[in-house]
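Asks: Next comes the structure file run_16.cif, holding mmCIF, C-alpha atoms.
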```
data_query
#
loop_
_atom_site.label_atom_id
_atom_site.label_comp_id
_atom_site.auth_asym_id
_atom_site.auth_seq_id
_atom_site.Cartn_x
_atom_site.Cartn_y
_atom_site.Cartn_z
CA MET A 881 280.00 -22.99 51.00
CA ASN A 882 278.09 -23.33 47.72
CA GLN A 883 280.16 -20.84 45.72
CA ILE A 884 283.07 -18.40 45.92
CA ALA A 885 283.62 -15.99 43.03
CA ILE A 886 285.76 -12.95 42.33
CA GLY A 887 285.10 -10.12 39.91
CA SER A 888 284.33 -6.47 39.31
CA TYR A 889 281.24 -5.21 41.09
CA ALA A 890 279.26 -3.75 38.22
CA ASP A 891 275.88 -4.38 36.63
CA PRO A 892 275.52 -7.06 35.30
CA GLY A 893 278.95 -8.10 36.61
CA GLU A 894 281.49 -10.62 35.32
CA TRP A 895 282.36 -13.29 37.87
CA LEU A 896 285.19 -15.79 37.92
CA VAL A 897 283.96 -18.73 40.01
CA LEU A 898 286.82 -20.09 42.11
CA HIS A 899 284.94 -22.70 44.14
CA GLY A 900 281.72 -24.69 44.11
CA ASP A 901 278.66 -24.41 41.90
CA GLY A 902 279.50 -23.25 38.35
CA ILE A 903 283.26 -23.29 38.94
CA SER A 904 285.31 -21.82 36.09
CA ALA A 905 287.97 -23.97 34.43
CA PRO A 906 290.82 -24.47 35.25
CA PHE A 907 289.94 -23.75 38.92
CA ARG A 908 289.15 -26.82 41.01
CA GLN A 909 288.92 -25.66 44.62
CA ALA A 910 289.40 -22.67 46.92
CA ASP A 911 290.44 -22.99 50.54
CA TYR A 912 289.06 -19.88 52.28
CA GLN A 913 289.07 -19.42 56.03
CA SER A 914 287.94 -16.06 57.31
CA ALA A 915 290.53 -14.48 59.61
CA PHE A 916 289.75 -12.72 62.89
CA GLU A 917 290.77 -9.09 63.36
CA LEU A 918 289.50 -6.25 65.55
CA GLY A 919 290.16 -3.42 63.11
CA GLU A 920 288.14 -1.99 60.23
CA GLU A 921 290.23 -3.91 57.66
CA ILE A 922 291.44 -7.47 57.56
CA ALA A 923 294.23 -9.30 55.69
CA GLU A 924 293.48 -12.81 54.45
CA SER A 925 294.79 -15.53 52.13
CA ILE A 926 292.87 -17.83 49.78
CA ARG A 927 294.58 -20.99 48.52
CA LEU A 928 293.54 -21.94 44.98
CA SER A 929 293.95 -25.31 43.21
CA LEU A 930 294.02 -25.29 39.39
CA GLU A 931 294.09 -28.24 36.96
CA GLY A 932 294.22 -28.31 33.16
CA THR A 933 296.47 -27.92 30.19
CA PRO A 934 299.34 -25.42 30.39
CA GLU A 935 297.29 -23.09 28.21
CA GLU A 936 294.22 -23.39 30.48
CA LEU A 937 296.37 -22.74 33.56
CA SER A 938 297.88 -19.66 31.93
CA ALA A 939 294.38 -18.43 31.03
CA GLY A 940 293.34 -18.81 34.69
CA ILE A 941 296.31 -16.75 35.87
CA THR A 942 295.58 -14.12 33.23
CA ALA A 943 291.95 -13.87 34.42
CA LEU A 944 293.11 -13.26 38.01
CA GLU A 945 295.70 -10.72 36.90
CA THR A 946 293.06 -8.86 34.89
CA ILE A 947 290.87 -8.57 38.00
CA ARG A 948 293.87 -7.45 40.04
CA GLN A 949 294.81 -4.77 37.51
CA ARG A 950 291.24 -3.52 37.27
CA ASN A 951 291.12 -3.20 41.04
CA LEU A 952 294.34 -1.17 41.02
CA LEU A 953 292.89 1.09 38.33
CA TYR A 954 289.66 1.53 40.28
CA HIS A 955 291.50 2.77 43.35
CA GLN A 956 293.37 5.17 41.07
CA THR A 957 289.94 6.25 39.62
CA GLY A 958 290.71 4.67 36.24
CA TYR A 959 288.18 1.79 36.21
CA PRO A 960 284.45 2.14 36.89
CA ALA A 961 283.86 -0.67 39.42
CA PRO A 962 285.76 -2.15 42.39
CA SER A 963 286.69 -5.81 42.62
CA CYS A 964 285.20 -7.98 45.31
CA LEU A 965 284.74 -11.51 46.53
CA ARG A 966 281.23 -12.95 46.29
CA PHE A 967 279.99 -15.75 48.55
CA GLN A 968 276.89 -17.97 48.36
CA MET A 969 276.38 -20.13 51.42
CA MET A 970 273.74 -22.50 49.99
CA GLU A 971 272.29 -23.30 46.59
CA GLY A 972 269.66 -20.74 45.61
CA GLY A 973 270.60 -18.47 48.52
CA GLY A 974 271.52 -14.82 48.38
CA TYR A 975 275.01 -13.46 47.81
CA TYR A 976 277.33 -11.65 50.18
CA TYR A 977 280.14 -9.39 48.95
CA THR A 978 283.32 -7.95 50.37
CA LEU A 979 285.10 -5.17 48.53
CA LEU A 980 288.80 -5.71 47.94
CA LYS A 981 291.23 -2.97 48.91
CA SER A 982 294.13 -4.93 47.42
CA ILE A 983 294.81 -8.26 45.68
CA GLU A 984 298.21 -9.95 45.28
CA ILE A 985 298.85 -13.28 43.56
CA GLN A 986 301.52 -15.69 44.82
CA VAL A 987 302.53 -18.94 43.08
CA ASN A 988 304.13 -21.94 44.75
CA ALA A 989 307.88 -22.32 44.41
CA ASP A 990 307.49 -25.46 42.27
CA SER A 991 304.98 -23.85 39.90
CA PRO A 992 307.23 -24.01 36.78
CA GLU A 993 307.31 -27.84 36.98
CA THR A 994 303.67 -28.37 38.00
CA HIS A 995 302.43 -25.86 35.40
CA LEU A 996 303.77 -28.10 32.63
CA SER A 997 302.34 -31.24 34.24
CA GLY A 998 298.80 -29.78 34.48
CA SER A 999 298.35 -28.48 38.03
CA LEU A 1000 299.04 -25.33 39.93
CA LEU A 1001 298.68 -23.94 43.44
CA LEU A 1002 298.15 -20.20 43.89
CA THR A 1003 297.57 -18.00 46.93
CA LEU A 1004 295.54 -14.81 46.76
CA HIS A 1005 296.54 -12.27 49.43
CA ILE A 1006 293.75 -9.77 49.97
CA ILE A 1007 292.92 -6.82 52.19
CA ARG A 1008 289.20 -6.24 52.68
CA PRO A 1009 286.76 -4.48 55.04
CA ASN A 1010 286.02 -6.50 58.17
CA HIS A 1011 282.46 -7.38 57.06
CA TYR A 1012 280.32 -8.83 54.27
CA ASP A 1013 277.37 -7.08 52.57
CA ALA A 1014 274.34 -8.62 50.88
CA ASP A 1015 272.50 -7.39 47.78
CA PRO A 1016 270.44 -4.20 48.28
CA VAL A 1017 266.92 -4.48 49.72
CA GLU A 1018 264.36 -1.68 49.41
CA LEU A 1019 263.17 -0.26 52.73
CA PRO A 1020 259.49 0.35 53.51
CA LEU A 1021 259.12 4.01 54.54
CA THR A 1022 256.51 5.70 56.73
CA VAL A 1023 255.55 9.35 56.25
CA GLY A 1024 252.68 10.72 58.31
CA GLY A 1025 249.70 8.41 57.91
CA ASP A 1026 251.24 6.51 54.97
CA GLU A 1027 252.92 3.44 56.42
CA ASP A 1028 255.40 0.95 54.96
CA VAL A 1029 255.45 2.46 51.46
CA LEU A 1030 257.64 0.90 48.76
CA GLY A 1031 258.62 2.54 45.49
CA GLY A 1032 259.38 5.98 46.98
CA VAL A 1033 257.58 8.48 49.21
CA ASP A 1034 256.78 12.14 48.59
CA LEU A 1035 258.35 14.77 50.86
CA ILE A 1036 257.77 18.48 51.29
CA ASN A 1037 260.45 20.82 52.61
CA HIS A 1038 259.08 21.16 56.14
CA THR A 1039 257.33 19.23 58.88
CA ASP A 1040 254.38 20.62 60.83
CA ALA A 1041 250.91 19.72 62.09
CA HIS A 1042 249.23 19.83 58.68
CA SER A 1043 248.39 16.64 56.79
CA GLY A 1044 250.91 15.85 54.06
CA HIS A 1045 253.54 18.21 55.47
CA GLY A 1046 256.51 15.94 56.17
CA SER A 1047 260.24 16.27 55.56
CA SER A 1048 261.22 13.07 57.36
CA VAL A 1049 260.67 9.33 56.96
CA LEU A 1050 260.43 6.63 59.62
CA ILE A 1051 262.14 3.24 59.26
CA LYS A 1052 260.88 0.64 61.72
CA PRO A 1053 263.22 -1.94 63.29
CA GLY A 1054 261.01 -4.80 62.10
CA ASP A 1055 261.40 -3.72 58.47
CA PHE A 1056 265.10 -4.56 58.14
CA GLU A 1057 267.48 -7.22 59.43
CA THR A 1058 271.22 -6.86 59.81
CA ASP A 1059 273.92 -7.99 62.24
CA LEU A 1060 276.05 -4.84 61.87
CA PRO A 1061 275.22 -1.22 60.97
CA ALA A 1062 274.12 -1.54 57.35
CA PRO A 1063 274.99 0.89 54.52
CA LEU A 1064 272.16 2.84 52.88
CA ARG A 1065 271.55 3.75 49.27
CA LEU A 1066 269.51 6.92 48.83
CA GLU A 1067 267.68 8.11 45.71
CA LEU A 1068 266.21 11.62 46.05
CA VAL A 1069 264.30 13.00 43.04
CA ASN A 1070 263.49 16.69 42.64
CA THR A 1071 259.71 16.78 42.02
CA THR A 1072 259.21 20.54 42.30
CA GLU A 1073 257.59 21.75 39.09
CA ASP A 1074 260.10 23.96 37.25
CA GLY A 1075 262.06 24.10 40.51
CA VAL A 1076 265.76 23.75 41.29
CA MET A 1077 267.25 21.64 44.06
CA GLN A 1078 270.60 23.02 45.16
CA ASP A 1079 272.16 22.11 48.52
CA ILE A 1080 270.74 19.10 50.37
CA PHE A 1081 271.09 18.34 54.08
CA LEU A 1082 270.35 14.86 55.43
CA GLY A 1083 270.17 13.78 59.05
CA LEU A 1084 269.60 10.28 60.44
CA TYR A 1085 268.29 9.82 64.00
CA HIS A 1086 268.05 6.40 65.62
CA HIS A 1087 266.76 5.11 68.95
CA PRO A 1088 266.02 1.64 70.37
CA VAL A 1089 262.44 2.42 71.46
CA SER A 1090 261.40 5.88 70.29
CA PRO A 1091 260.10 6.70 66.78
CA SER A 1092 259.48 10.33 67.82
CA GLU A 1093 260.40 13.36 65.73
CA GLY A 1094 258.78 16.23 67.65
CA MET A 1095 261.94 17.18 69.52
CA LEU A 1096 263.76 17.76 66.20
CA PHE A 1097 261.54 20.70 65.17
CA CYS A 1098 261.47 23.88 67.29
CA TYR A 1099 258.56 25.97 65.99
CA ALA A 1100 257.92 29.67 66.35
CA GLY A 1101 254.80 28.98 68.39
CA ASP A 1102 256.82 27.00 70.95
CA MET A 1103 259.37 29.76 71.54
CA LEU A 1104 259.29 32.04 74.56
CA GLY A 1105 260.34 35.48 73.34
CA GLY A 1106 259.69 37.84 70.44
CA LEU A 1107 256.29 38.46 68.88
CA LEU A 1108 254.31 35.69 67.17
CA TYR A 1109 252.56 36.44 63.85
CA PRO A 1110 250.28 34.23 61.72
CA SER A 1111 251.02 33.49 58.05
CA ALA A 1112 249.96 30.74 55.66
CA ASP A 1113 253.45 30.92 54.13
CA ALA A 1114 255.20 30.02 57.38
CA ILE A 1115 255.94 26.60 58.84
CA ASN A 1116 253.03 25.75 61.15
CA GLU A 1117 251.46 29.03 59.88
CA HIS A 1118 253.35 31.21 62.39
CA TYR A 1119 256.64 33.06 62.56
CA ILE A 1120 258.51 34.98 65.25
CA ARG A 1121 259.67 38.58 64.96
CA ALA A 1122 262.53 39.40 67.31
CA ALA A 1123 263.84 42.99 67.58
CA TRP A 1124 266.61 44.43 69.75
CA PRO A 1125 268.56 47.71 69.79
CA GLU A 1126 271.46 46.59 72.01
CA THR A 1127 274.91 46.14 70.47
CA ASP A 1128 275.82 43.41 72.98
CA TRP A 1129 274.72 39.77 72.84
CA LYS A 1130 270.97 39.61 73.43
CA ALA A 1131 268.82 36.56 74.23
CA LEU A 1132 266.11 36.54 71.55
CA GLY A 1133 264.10 33.53 72.66
CA VAL A 1134 264.01 30.17 74.39
CA TRP A 1135 262.81 26.69 73.43
CA TYR A 1136 262.12 24.39 76.37
CA PHE A 1137 263.17 20.72 76.26
CA SER A 1138 261.51 18.45 78.79
CA SER A 1139 263.32 15.65 80.62
CA GLU A 1140 261.69 13.12 78.28
CA ALA A 1141 262.76 15.07 75.18
CA VAL A 1142 266.36 15.31 76.43
CA GLU A 1143 266.46 11.56 77.02
CA LYS A 1144 265.14 10.88 73.50
CA MET A 1145 267.93 13.03 72.06
CA ALA A 1146 270.17 10.23 73.39
CA GLY A 1147 273.41 12.23 73.59
CA PHE A 1148 273.76 12.43 69.79
CA SER A 1149 275.01 15.43 67.86
CA TYR A 1150 272.60 17.71 65.99
CA ARG A 1151 273.12 20.62 63.63
CA PRO A 1152 270.66 23.47 64.31
CA VAL A 1153 269.27 24.95 61.07
CA LEU A 1154 267.29 28.19 61.44
CA ARG A 1155 264.93 29.07 58.56
CA PHE A 1156 264.13 32.75 58.09
CA PHE A 1157 260.60 33.75 57.16
CA ASN A 1158 262.07 36.90 55.64
CA ILE A 1159 265.78 37.05 54.83
CA PRO A 1160 267.55 39.69 56.97
CA ALA A 1161 269.55 42.18 54.92
CA TYR A 1162 272.14 43.16 57.54
CA GLU A 1163 275.90 43.07 57.02
CA ASP A 1164 276.97 42.68 60.65
CA LEU A 1165 274.48 40.23 62.16
CA TYR A 1166 275.61 37.25 64.24
CA LEU A 1167 273.64 34.48 65.98
CA GLN A 1168 274.57 31.99 68.65
CA ILE A 1169 272.95 29.05 70.45
CA LYS A 1170 273.45 28.06 74.06
CA ILE A 1171 272.09 25.20 76.16
CA GLN A 1172 271.06 26.46 79.59
CA VAL A 1173 269.24 25.60 82.77
CA GLY A 1174 267.75 28.93 83.73
CA SER A 1175 270.64 31.41 83.63
CA TYR A 1176 273.30 28.70 83.99
CA VAL A 1177 275.08 27.88 80.72
CA LEU A 1178 275.79 24.17 80.15
CA TRP A 1179 277.12 24.57 76.61
CA GLU A 1180 277.93 27.51 74.36
CA GLY A 1181 278.26 27.18 70.60
CA GLU A 1182 280.44 29.35 68.40
CA SER A 1183 278.73 32.36 66.88
CA VAL A 1184 277.82 32.31 63.16
CA TYR A 1185 277.63 35.14 60.68
CA VAL A 1186 274.23 35.61 59.06
CA ASP A 1187 274.87 35.90 55.33
CA PRO A 1188 272.28 38.28 53.81
CA ASP A 1189 272.29 36.13 50.65
CA TYR A 1190 270.94 33.06 52.46
CA GLY A 1191 267.49 32.28 53.80
CA TYR A 1192 268.80 30.00 56.53
CA VAL A 1193 271.67 29.63 59.01
CA LEU A 1194 273.68 26.49 59.76
CA PHE A 1195 274.95 26.49 63.36
CA PRO A 1196 277.84 24.38 64.70
CA PRO A 1197 276.74 20.94 65.93
CA LEU A 1198 275.55 20.54 69.50
CA ARG A 1199 275.05 17.50 71.70
CA MET A 1200 271.86 16.94 73.64
CA PRO A 1201 272.38 16.57 76.51
CA PRO A 1202 275.74 18.34 76.17
CA ASN A 1203 277.57 15.88 78.46
CA LYS A 1204 277.39 12.15 79.06
CA LEU A 1205 275.11 11.33 82.00
CA LEU A 1206 275.11 8.52 84.57
CA ASN A 1207 271.51 7.72 83.52
CA GLU A 1208 270.64 6.59 87.03
CA VAL A 1209 267.80 9.14 87.24
CA PRO A 1210 265.91 11.06 84.52
CA ALA A 1211 267.78 13.75 82.58
CA HIS A 1212 267.31 17.36 83.66
CA GLN A 1213 265.17 19.59 81.46
CA VAL A 1214 267.10 22.25 79.54
CA ASP A 1215 266.54 25.42 77.51
CA LEU A 1216 267.81 26.05 74.01
CA VAL A 1217 268.49 29.78 73.84
CA LEU A 1218 268.99 31.83 70.67
CA TYR A 1219 271.23 34.91 70.97
CA GLY A 1220 271.78 37.77 68.54
CA LEU A 1221 274.50 40.41 68.11
CA HIS A 1222 274.98 43.42 65.85
CA GLU A 1223 277.55 46.21 65.91
CA THR A 1224 275.49 49.01 64.34
CA ASP A 1225 273.71 51.33 66.75
CA ALA A 1226 270.19 50.59 65.51
CA THR A 1227 267.26 48.27 66.14
CA TYR A 1228 267.67 44.99 64.23
CA THR A 1229 264.75 42.71 63.41
CA ILE A 1230 264.76 39.08 62.30
CA GLU A 1231 261.81 36.85 61.41
CA PHE A 1232 261.98 33.05 61.49
CA ASP A 1233 259.54 30.15 61.74
CA CYS A 1234 261.46 26.97 62.64
CA LEU A 1235 264.75 25.78 64.10
CA THR A 1236 265.40 22.21 62.92
CA LEU A 1237 267.83 20.05 64.87
CA LEU A 1238 269.26 18.00 62.02
CA PRO A 1239 270.51 14.67 63.41
CA LEU A 1240 274.14 13.80 62.83
CA ALA A 1241 274.00 10.15 63.89
CA PRO A 1242 275.05 10.09 61.10
CA GLY A 1243 274.33 12.94 58.70
CA ALA A 1244 275.55 14.27 55.34
CA ASN A 1245 275.58 17.57 53.44
CA PHE A 1246 275.51 17.73 49.64
CA LEU A 1247 276.79 21.11 48.49
CA ALA A 1248 275.92 21.68 44.83
CA PHE A 1249 278.12 22.97 42.07
CA TYR A 1250 275.64 21.63 39.49
CA ASN A 1251 271.97 22.20 40.30
CA LEU A 1252 269.32 19.48 40.05
CA TYR A 1253 266.31 20.50 37.97
CA GLU A 1254 262.89 18.85 37.95
CA ASN A 1255 263.07 15.02 37.81
CA ALA A 1256 266.85 14.97 38.38
CA CYS A 1257 267.96 12.50 41.05
CA LEU A 1258 270.66 12.51 43.74
CA VAL A 1259 272.09 9.02 44.38
CA ASP A 1260 274.19 8.36 47.49
CA ASP A 1261 275.55 4.81 47.73
CA ASN A 1262 277.22 4.21 51.08
CA PHE A 1263 278.27 0.65 50.17
CA LEU A 1264 280.50 1.95 47.39
CA SER A 1265 281.15 5.31 49.14
CA LEU A 1266 280.12 7.09 45.94
CA GLN A 1267 277.48 9.67 45.04
CA GLY A 1268 276.26 11.24 41.84
CA ALA A 1269 273.33 12.88 40.06
CA ARG A 1270 271.17 11.51 37.27
CA PHE A 1271 269.18 13.52 34.77
CA ALA A 1272 265.96 11.97 33.51
CA ALA A 1273 265.87 13.61 30.07
CA GLU A 1274 269.27 12.25 28.97
CA ASP A 1275 269.58 9.33 31.44
CA LEU A 1276 273.13 10.47 32.15
CA GLU A 1277 275.18 10.71 35.34
CA VAL A 1278 277.52 13.34 36.77
CA VAL A 1279 278.93 14.19 40.20
CA ALA A 1280 277.05 17.37 41.09
CA HIS A 1281 277.80 17.85 44.81
CA ILE A 1282 280.59 18.00 47.35
CA ARG A 1283 279.64 15.44 49.99
CA GLN A 1284 280.38 16.21 53.63
CA GLY A 1285 279.73 13.84 56.50
CA PHE A 1286 279.90 10.17 57.41
CA PRO A 1287 278.39 7.10 55.71
CA LEU A 1288 274.63 6.73 56.23
CA THR A 1289 273.92 3.44 58.02
CA LEU A 1290 271.08 1.61 59.76
CA TYR A 1291 271.64 0.32 63.29
CA PRO A 1292 270.16 -3.11 64.08
CA GLY A 1293 267.07 -3.12 66.30
CA HIS A 1294 266.59 0.68 66.21
CA TYR A 1295 263.92 3.01 64.93
CA HIS A 1296 265.40 5.42 62.38
CA ARG A 1297 264.18 8.77 61.17
CA MET A 1298 265.77 10.51 58.20
CA VAL A 1299 265.25 14.27 57.94
CA VAL A 1300 265.72 15.98 54.56
CA LEU A 1301 266.21 19.73 54.04
CA MET A 1302 266.64 21.29 50.58
CA SER A 1303 267.67 24.70 49.33
CA ASP A 1304 266.86 26.30 45.96
CA GLU A 1305 268.82 28.44 43.49
CA ASP A 1306 268.12 31.54 45.64
CA ASN A 1307 269.79 29.93 48.70
CA ASP A 1308 266.38 29.77 50.34
CA MET A 1309 264.55 26.85 51.94
CA ASP A 1310 261.20 27.13 50.19
CA ILE A 1311 258.81 25.20 52.42
CA PHE A 1312 256.75 24.07 49.41
CA GLN A 1313 259.70 22.49 47.58
CA THR A 1314 259.06 18.76 47.02
CA ALA A 1315 261.02 15.57 46.44
CA ASN A 1316 260.56 11.81 46.23
CA LEU A 1317 262.75 9.62 48.43
CA ARG A 1318 263.61 5.95 48.02
CA LEU A 1319 265.94 4.03 50.34
CA TYR A 1320 267.72 0.67 50.15
CA TYR A 1321 269.99 -1.11 52.61
CA ARG A 1322 272.48 -3.97 52.43
CA PRO A 1323 272.35 -6.46 55.31
CA ARG A 1324 275.85 -6.57 56.81
CA LYS A 1325 277.54 -9.46 58.66
CA ARG A 1326 280.84 -9.92 60.43
CA ILE A 1327 280.68 -13.73 60.08
CA LEU A 1328 279.16 -15.63 57.17
#
```
Give the structure from this file in structure tokens form.
Replies:
Amino acid sequence: MNQIAIGSYADPGEWLVLHGDGISAPFRQADYQSAFELGEEIAESIRLSLEGTPEELSAGITALETIRQRNLLYHQTGYPAPSCLRFQMMEGGGYYYTLLKSIEIQVNADSPETHLSGSLLLTLHIIRPNHYDADPVELPLTVGGDEDVLGGVDLINHTDAHSGHGSSVLIKPGDFETDLPAPLRLELVNTTEDGVMQDIFLGLYHHPVSPSEGMLFCYAGDMLGGLLYPSADAINEHYIRAAWPETDWKALGVWYFSSEAVEKMAGFSYRPVLRFFNIPAYEDLYLQIKIQVGSYVLWEGESVYVDPDYGYVLFPPLRMPPNKLLNEVPAHQVDLVLYGLHETDATYTIEFDCLTLLPLAPGANFLAFYNLYENACLVDDNFLSLQGARFAAEDLEVVAHIRQGFPLTLYPGHYHRMVVLMSDEDNDMDIFQTANLRLYYRPRKRIL
């Protein structure tokens, strides 16, 4: 071990070197042996040897107590950065960090005598996550025909067959290296001229061999049911009009998923998001999704109310396939069926152009209470489990969203595809809204 240091994780960071290269007086050596635990957190002890004058020894204890107190304040939201241990395995090598949930300092029983004679033994008792994380590395991103782009990629608020129309990015397994699922840092900048970015929905799909995205987007032209109409303002330049007079549940249309598509969905959860071409203005409209094989229902989601103030509907998550399979033979093809219900005795009509299956493996929603204007940036750091918004004009930061969902992580050896959906100040998903996305990851290890 070339170096062990402890300090507050902040830029540029102040580090107290406990062992090895650049050691801080009065510290002489640290005896650190990583413990083995199966859980998400681990309790460990680090034995520290100190030598120096009584004043130098007292200064060393004070430095450790300051770090301990700052860590307590951080977990009570009173200090801006957490404390962590930092490790460097070899001279000139990269650093690995482990965040500290708690730090306690224990002195040997004979410390009053040895303190005066110029030596001291201390034990740090820590609780930390059961892993180590390296410094952030920017990920090369692929969008359409633009491959392995660094420095950020441009997105538009839909994906279809047209060049430059992409709301997702591909991360290839050869472009990152990690032993464990690695935390992501996301920077999403609103690039819509004079536009507002409100709620943001992120989904991350991963698969060991498939980089596909086609099964995530159910277009109007692929649906069996309703009437298909052309429009340059619709996703893929077409939308469906479905009309029904019945006041019972009515099947409005069907999207077919082949055996290959079902297998690529890999049993993960997905949140269906239906975008309306024209917002329906009804007060008693409900929609529902079912997974079927012919008329046989394999899974039935809860119904959702269609809010006339929103240009899209978020359905409850579904799994595809809905149940775990033996995987001894290919998966059966299934139908995704959209149902509608209204209570008023009249013919209701809805128009929509795309149902997106937003991956939740994992996924996150950012619900705004402070809108992001042009050039403002959403930052989501899954290493620190913190998120915020930055505003270019003032270069200031504020928390602008309620975050829902799990940490965004990369799985070793897998293709990943991140899908981004954005709403505006009118609660609509304008398909021509734009953003710039930049991603970083921290290689994660269980064992140094």
Asks: So what does the PyMOL selection byres ((chain A and resi 1091) around 6) actually pick up in this one, as an MDAnalysis selection string?
Replies: chainID A and resid 1090 1092 1295
Asks: Please list, as a ChimeraX atom specification, the residues that have an atom at most 9 Å away from (295.6, -17.6, 46.3) in the coordinates of this file, counting only C-alpha atoms.
Replies: /A:910-911,925-929,984-987,1001-1006
Asks: Please produce a file of those selected residues containing C-alpha atoms, as a JSON list (two decimals), in the coordinates of the input.
Replies:
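So part.json came out as:
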```
[["chain", "number", "residue", "atom", "x", "y", "z"],
["A", 910, "ALA", "CA", 289.40, -22.67, 46.92],
["A", 911, "ASP", "CA", 290.44, -22.99, 50.54],
["A", 925, "SER", "CA", 294.79, -15.53, 52.13],
["A", 926, "ILE", "CA", 292.87, -17.83, 49.78],
["A", 927, "ARG", "CA", 294.58, -20.99, 48.52],
["A", 928, "LEU", "CA", 293.54, -21.94, 44.98],
["A", 929, "SER", "CA", 293.95, -25.31, 43.21],
["A", 984, "GLU", "CA", 298.21, -9.95, 45.28],
["A", 985, "ILE", "CA", 298.85, -13.28, 43.56],
["A", 986, "GLN", "CA", 301.52, -15.69, 44.82],
["A", 987, "VAL", "CA", 302.53, -18.94, 43.08],
["A", 1001, "LEU", "CA", 298.68, -23.94, 43.44],
["A", 1002, "LEU", "CA", 298.15, -20.20, 43.89],
["A", 1003, "THR", "CA", 297.57, -18.00, 46.93],
["A", 1004, "LEU", "CA", 295.54, -14.81, 46.76],
["A", 1005, "HIS", "CA", 296.54, -12.27, 49.43],
["A", 1006, "ILE", "CA", 293.75, -9.77, 49.97]]
```
Asks: Step by step, work through what the PyMOL selection byres ((chain A and resi 887-901) around 6) selects in the shown file, and finish by giving those residues as a PyMOL selection string.
Replies: chain A and resi 882-886+902-904+907+909-910+961-964
Asks: List as JSON, numbers by chain the protein and nucleic acid residues near Tyr976 in chain A, meaning an atom at most 6 Å away when all atoms listed in the file are counted, but skip any in the same chain fewer than 2 places from it.
Replies: {"A": [966, 967, 1012, 1013, 1014]}
Asks: Produce a file of the selected residues containing C-alpha atoms, as a PDB file, keeping the file's coordinate frame.
Replies:
```pdb
ATOM      1  CA  ARG A 966     281.230 -12.950  46.290  1.00  0.00           C
ATOM      2  CA  PHE A 967     279.990 -15.750  48.550  1.00  0.00           C
ATOM      3  CA  TYR A1012     280.320  -8.830  54.270  1.00  0.00           C
ATOM      4  CA  ASP A1013     277.370  -7.080  52.570  1.00  0.00           C
ATOM      5  CA  ALA A1014     274.340  -8.620  50.880  1.00  0.00           C
TER       6      ALA A1014
END
```
Asks: Using all atoms of range 904-911 of chain A that appear in the file, construct an axis-aligned enclosing box with 8 Å of padding on every side and provide its centre coordinates and edge lengths in Å, rounded to one decimal, as AutoDock Vina command-line options.
Replies:
```
--center_x 288.1 --center_y -24.3 --center_z 42.5 --size_x 21.5 --size_y 21.0 --size_z 32.1
```
Asks: Taking the file as shown, find all residues satisfying the PyMOL selection byres ((chain A and resi 1297) around 10) and write them as a compact mmCIF listing (two decimals) with C-alpha atoms, in the frame of the given file.
Replies:
```txt
# COMPACT_ATOMS: atom_id res chain seq x y z
CA LEU A 1021 259.12 4.01 54.54
CA THR A 1022 256.51 5.70 56.73
CA VAL A 1023 255.55 9.35 56.25
CA SER A 1048 261.22 13.07 57.36
CA VAL A 1049 260.67 9.33 56.96
CA LEU A 1050 260.43 6.63 59.62
CA ILE A 1051 262.14 3.24 59.26
CA LYS A 1052 260.88 0.64 61.72
CA GLY A 1083 270.17 13.78 59.05
CA LEU A 1084 269.60 10.28 60.44
CA TYR A 1085 268.29 9.82 64.00
CA HIS A 1086 268.05 6.40 65.62
CA HIS A 1087 266.76 5.11 68.95
CA SER A 1090 261.40 5.88 70.29
CA PRO A 1091 260.10 6.70 66.78
CA SER A 1092 259.48 10.33 67.82
CA GLU A 1093 260.40 13.36 65.73
CA PRO A 1239 270.51 14.67 63.41
CA HIS A 1294 266.59 0.68 66.21
CA TYR A 1295 263.92 3.01 64.93
CA HIS A 1296 265.40 5.42 62.38
CA MET A 1298 265.77 10.51 58.20
CA VAL A 1299 265.25 14.27 57.94
CA VAL A 1300 265.72 15.98 54.56
```
Asks: Name the closest residue to Gly1044 in chain A among the candidates A:Asn1158, A:Ser1265, A:Gly1174, A:Asp1026; distances are taken between atoms, counting all atoms listed in the file.
Replies: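 Of all the options, A:Asp1026 lies closest to Gly1044 in chain A.
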Asks: Which residues come within 12 Å of Tyr1321 in chain A, counting all atoms listed in the file, excluding same-chain residues fewer than 6 positions away, as a ChimeraX atom specification?
Replies: /A:1013-1020,1051,1055-1058,1060-1067,1260-1263,1288-1292
Asks: When distances are computed from all atoms listed in the file, which of A:Arg1008, A:Arg1326, A:Arg908, A:His995 shows the smallest separation from Ser938 in chain A?
Replies: A:His995
Asks: With all atoms listed in the file as the counted atoms, please give the residues lying no more than 12 Å from His955 in chain A, apart from itself and same-chain residues fewer than 3 positions off, as a count of residues only.
Replies: 17
Asks: Kindly give the distance, in Å, that separates CA of Gln913 in chain A and CA of Gln956 in chain A, rounded to a single decimal.
Replies: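 Computed distance, CA of Gln913 in chain A to CA of Gln956 in chain A, equals 29.1 Å.
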Asks: Excluding same-chain residues fewer than 4 positions from Thr1224 in chain A, what lies within 12 Å of it counting only C-alpha atoms, as a short mmCIF file (atom, residue, chain, number, x, y, z; two decimals) with C-alpha atoms, in the frame of the given file?
Replies:
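As written to disk, result26.cif reads:
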```
data_model
loop_
_atom_site.label_atom_id
_atom_site.label_comp_id
_atom_site.auth_asym_id
_atom_site.auth_seq_id
_atom_site.Cartn_x
_atom_site.Cartn_y
_atom_site.Cartn_z
CA TRP A 1124 266.61 44.43 69.75
CA PRO A 1125 268.56 47.71 69.79
CA GLU A 1126 271.46 46.59 72.01
CA THR A 1127 274.91 46.14 70.47
CA ASP A 1128 275.82 43.41 72.98
CA TYR A 1162 272.14 43.16 57.54
CA GLU A 1163 275.90 43.07 57.02
CA ASP A 1164 276.97 42.68 60.65
CA LEU A 1165 274.48 40.23 62.16
CA TYR A 1166 275.61 37.25 64.24
CA TYR A 1228 267.67 44.99 64.23
#
```
